[in-house]
Amino acid sequence: MSQLASWDHPEPLAVSSAPVPEYGSGSLADLLPTLAAGMGVPGMTAAIPELTAADRNCVFLIDGLGWEQIQAHPDEAPYLHALLGSSRGGTGRPITAGFPATTATSLASVGTGLPPGAHGLPGYTVRNPATGELMNQLRWHPWTPPEPWQPYPTVFELADAAGVHAAQVSSPTFQNTPLTKVALSGGTFLGRLTGEERMDVAAEQLAAGDRSLVYTYYAELDGAGHRHGVASDTWRGQLMHVDRLVQRLAEQLPPRSALYVTADHGMVDVPFDEQHRIDFDEDWELRAGVALLGGEGRARHVYAVPGAEDDVLTCWREVLGEQFWVASRDEAVAAGWFGRPGQVDERVHARLGDVIAAARDDVLLIASEREPKESSMVGNHGSMTPAEQLVPLLEVRS
């Protein structure tokens, strides 16, 4: 082939070139099992070897606070920035969220200690094999019985059964949601409206047991990023508030405690033009042979009409393969996108797209008609790029 011909027909991104999450040694799914193992909870494994055991552990998960965003904003987040060297047991390294890097998937990974292929929440929206419908796993719509969808016990439930004082401190809105039930239940849920109240109550709950496992959460930074972007003054103002919250909690830690500050994903801003936002609803090539479009703009699950799977894969690679890693279901599973070999449960396999597309460049595959709200967001996430995938594991000990 001539050099000109190779430029005319560039090779699609190799599936093997995607930076796969560090399942089993340095992902969100490994955090709570490591902490629980250090407190003597049976069946738990210290999967993140850099962490040192503590009797009282608190995980503060800040929605949307990626590793690269902390690095880029030392003025807005001086306290967090000063803690970067403490990340991952003092190595100064991040951990990975897991794929896709999205809230429902990541919260389930945190709470169950399992990768997406096992806990079964492998995306923002995925097909329910029992009904053939798309199921939104963040909003839990349409209604699906929670226990069959995610049957494994949470680490909080296992810790509580082992005599560890387990508690979640979050917005009262989340107390009875199906996502909380399948991902974060166990022990005591304490609803508090403001971030400051959550920090104070989290510190009180840490002190409430000789061995304690406490989780607290803050969502507003993510909302600001989606609406205004991580380059916005609104987002930076939220980051300043988050920085103060972390310091407030750190200064109240009872003895023998470790505070871990982490996130469910990072975020990238995507420009509003046709070059960066490819509209599935207006592209007949991409729609051909597709029965359902799941996932989100940077991490798509594509469900083909029966018999059209190979054609859809070929087309998507030809159209998107320079900007997205495009894989068949079996290729993505074999490459470890959803967990290590053997970690994708049979019940989860059919929830994954026949074709899975993960963005490498700063692009989105929007669907302006069927997903108008999601298609209008400035900040986005989901894929395996460092800006989305790398999250902090900052540590403060008392």
# chains A, B, ... in the order shown; residues from 1 in each chain; ligands from 1
>>> closest_atom_pairs(of="stretch 225-332 of chain A", to="stretch 367-383 of chain A", cutoff="8 Å", atoms="only C-alpha atoms", output="CSV")
residue,atom,partner,partner_atom,distance
A:Gly225,CA,A:Gly379,CA,5.1
A:His226,CA,A:Gly379,CA,4.3
A:Arg227,CA,A:Met377,CA,5.6
A:His228,CA,A:Val378,CA,5.8
A:Gly229,CA,A:Gly379,CA,4.5
A:Val230,CA,A:Gly379,CA,6.5
A:His265,CA,A:His381,CA,7.1
A:Gly266,CA,A:His381,CA,6.6
A:Met267,CA,A:His381,CA,5.0
A:Val268,CA,A:Gly379,CA,5.4
A:Asp269,CA,A:Gly379,CA,4.3
A:Val270,CA,A:Val378,CA,6.0
A:Pro271,CA,A:Val378,CA,7.4
A:Asp279,CA,A:Ala367,CA,5.4
A:Phe280,CA,A:Ala367,CA,5.1
A:Asp281,CA,A:Ala367,CA,5.3
A:Glu296,CA,A:Gly382,CA,7.2
A:Gly297,CA,A:Ser375,CA,7.6
A:Arg298,CA,A:Gly382,CA,5.3
A:Ala299,CA,A:Gly382,CA,5.2
>>> closest_atom_pairs(of="stretch 204-298 of chain A", to="stretch 76-99 of chain A", cutoff="7 Å", atoms="only C-alpha atoms", output="JSON lines")
{"residue": "A:Arg236", "atom": "CA", "partner": "A:Glu76", "partner_atom": "CA", "distance": 6.5}
{"residue": "A:Leu239", "atom": "CA", "partner": "A:Ala77", "partner_atom": "CA", "distance": 6.4}
{"residue": "A:Met240", "atom": "CA", "partner": "A:Glu76", "partner_atom": "CA", "distance": 5.1}
{"residue": "A:Asp243", "atom": "CA", "partner": "A:Ala77", "partner_atom": "CA", "distance": 5.2}
{"residue": "A:Gln247", "atom": "CA", "partner": "A:Tyr79", "partner_atom": "CA", "distance": 6.7}
{"residue": "A:Asp264", "atom": "CA", "partner": "A:Ala97", "partner_atom": "CA", "distance": 5.9}
{"residue": "A:His265", "atom": "CA", "partner": "A:Ala97", "partner_atom": "CA", "distance": 5.9}
>>> atom_distance(atom1="atom CA of A:Pro49", atom2="atom CA of A:Arg256")
19.3 Å
>>> closest_residue(among="A:Ala308, A:Ala219, A:Ala263, A:Val41", to="A:Ala162", atoms="only C-alpha atoms")
A:Val41
>>> residues_around(residues="stretch 274-277 of chain A", least_positions_apart="2", cutoff="6 Å", atoms="only C-alpha atoms", output="count of residues only")
3
>>> select_by_dssp(residues="stretch 75-316 of chain A", states="strand (DSSP E or B)", output="PyMOL selection string")
chain A and resi 95-96+125-127+134-136+141+165-170+188-191+212-218+257-262+268-269+277-279+290-296+299-304
>>> residues_around(residues="A:Pro19", least_positions_apart="2", cutoff="10 Å", atoms="only C-alpha atoms", output="ChimeraX atom specification")
/A:15-17,21-22,335-337,360,383-386,389
>>> write_last_selection(atoms="all heavy atoms", output="short mmCIF file (atom, residue, chain, number, x, y, z; two decimals), in the first residue's frame")
data_model
loop_
_atom_site.label_atom_id
_atom_site.label_comp_id
_atom_site.auth_asym_id
_atom_site.auth_seq_id
_atom_site.Cartn_x
_atom_site.Cartn_y
_atom_site.Cartn_z
N VAL A 15 -7.92 -2.18 19.98
CA VAL A 15 -8.59 -2.41 21.27
C VAL A 15 -7.55 -2.57 22.38
O VAL A 15 -7.72 -2.07 23.49
CB VAL A 15 -9.49 -3.66 21.17
CG1 VAL A 15 -10.03 -4.04 22.55
CG2 VAL A 15 -10.63 -3.43 20.19
N SER A 16 -6.45 -3.20 22.05
CA SER A 16 -5.40 -3.44 23.05
C SER A 16 -4.68 -2.18 23.49
O SER A 16 -3.95 -2.20 24.48
CB SER A 16 -4.38 -4.45 22.50
OG SER A 16 -3.77 -3.92 21.33
N SER A 17 -4.87 -1.07 22.77
CA SER A 17 -4.18 0.17 23.13
C SER A 17 -4.95 0.98 24.18
O SER A 17 -4.43 1.98 24.68
CB SER A 17 -3.96 1.03 21.88
OG SER A 17 -5.19 1.55 21.39
N PRO A 21 -8.40 -0.22 33.22
CA PRO A 21 -8.33 0.05 34.67
C PRO A 21 -7.51 -1.00 35.43
O PRO A 21 -7.40 -2.14 35.00
CB PRO A 21 -9.81 0.02 35.10
CG PRO A 21 -10.57 0.37 33.86
CD PRO A 21 -9.79 -0.23 32.73
N GLU A 22 -7.00 -0.59 36.58
CA GLU A 22 -6.14 -1.47 37.40
C GLU A 22 -6.97 -2.35 38.33
O GLU A 22 -6.80 -2.34 39.55
CB GLU A 22 -5.16 -0.64 38.22
CG GLU A 22 -4.08 0.05 37.42
CD GLU A 22 -3.07 0.75 38.33
OE1 GLU A 22 -2.51 0.09 39.23
OE2 GLU A 22 -2.88 1.97 38.16
N ALA A 335 -10.24 -8.01 26.74
CA ALA A 335 -9.24 -6.98 26.99
C ALA A 335 -9.25 -6.49 28.43
O ALA A 335 -8.36 -5.74 28.84
CB ALA A 335 -9.46 -5.80 26.05
N GLY A 336 -10.25 -6.90 29.21
CA GLY A 336 -10.30 -6.53 30.62
C GLY A 336 -10.96 -5.19 30.89
O GLY A 336 -10.74 -4.61 31.96
N TRP A 337 -11.81 -4.72 29.99
CA TRP A 337 -12.45 -3.43 30.21
C TRP A 337 -13.38 -3.45 31.42
O TRP A 337 -13.49 -2.45 32.12
CB TRP A 337 -13.26 -3.02 28.97
CG TRP A 337 -12.41 -2.63 27.79
CD1 TRP A 337 -11.08 -2.86 27.62
CD2 TRP A 337 -12.85 -1.95 26.60
NE1 TRP A 337 -10.66 -2.37 26.40
CE2 TRP A 337 -11.73 -1.80 25.76
CE3 TRP A 337 -14.09 -1.46 26.18
CZ2 TRP A 337 -11.81 -1.18 24.52
CZ3 TRP A 337 -14.17 -0.84 24.94
CH2 TRP A 337 -13.04 -0.69 24.11
N ARG A 360 -11.36 8.23 22.83
CA ARG A 360 -9.99 8.58 23.17
C ARG A 360 -9.78 10.09 23.09
O ARG A 360 -9.13 10.69 23.94
CB ARG A 360 -9.00 7.89 22.23
CG ARG A 360 -7.53 8.18 22.60
CD ARG A 360 -6.57 7.85 21.46
NE ARG A 360 -6.80 8.69 20.29
CZ ARG A 360 -6.03 8.64 19.19
NH1 ARG A 360 -5.03 7.78 19.11
NH2 ARG A 360 -6.28 9.44 18.17
N SER A 383 -15.10 7.43 29.64
CA SER A 383 -14.12 6.62 28.93
C SER A 383 -12.88 6.31 29.77
O SER A 383 -12.90 6.45 31.00
CB SER A 383 -13.74 7.30 27.61
OG SER A 383 -13.02 6.40 26.78
N MET A 384 -11.81 5.90 29.10
CA MET A 384 -10.60 5.43 29.79
C MET A 384 -9.43 6.40 29.68
O MET A 384 -8.30 6.02 29.97
CB MET A 384 -10.21 4.05 29.26
CG MET A 384 -11.14 2.95 29.72
SD MET A 384 -10.75 1.30 29.09
CE MET A 384 -11.54 1.34 27.48
N THR A 385 -9.68 7.64 29.26
CA THR A 385 -8.59 8.60 29.19
C THR A 385 -8.17 9.01 30.60
O THR A 385 -8.98 8.94 31.54
CB THR A 385 -9.00 9.85 28.40
OG1 THR A 385 -9.97 10.59 29.16
CG2 THR A 385 -9.57 9.48 27.03
N PRO A 386 -6.94 9.45 30.79
CA PRO A 386 -6.50 9.84 32.14
C PRO A 386 -7.38 10.88 32.80
O PRO A 386 -7.61 10.82 34.01
CB PRO A 386 -5.08 10.37 31.89
CG PRO A 386 -4.62 9.63 30.67
CD PRO A 386 -5.83 9.48 29.81
N GLN A 389 -10.43 8.72 33.91
CA GLN A 389 -10.21 7.43 34.57
C GLN A 389 -9.40 7.54 35.87
O GLN A 389 -9.64 6.80 36.82
CB GLN A 389 -9.48 6.49 33.61
CG GLN A 389 -9.35 5.07 34.07
CD GLN A 389 -10.68 4.36 34.22
OE1 GLN A 389 -10.88 3.63 35.17
NE2 GLN A 389 -11.59 4.58 33.29
#
>>> closest_residue(among="A:Ala161, A:Met44, A:Leu65, A:Ala358", to="A:Tyr217", atoms="only C-alpha atoms")
A:Leu65
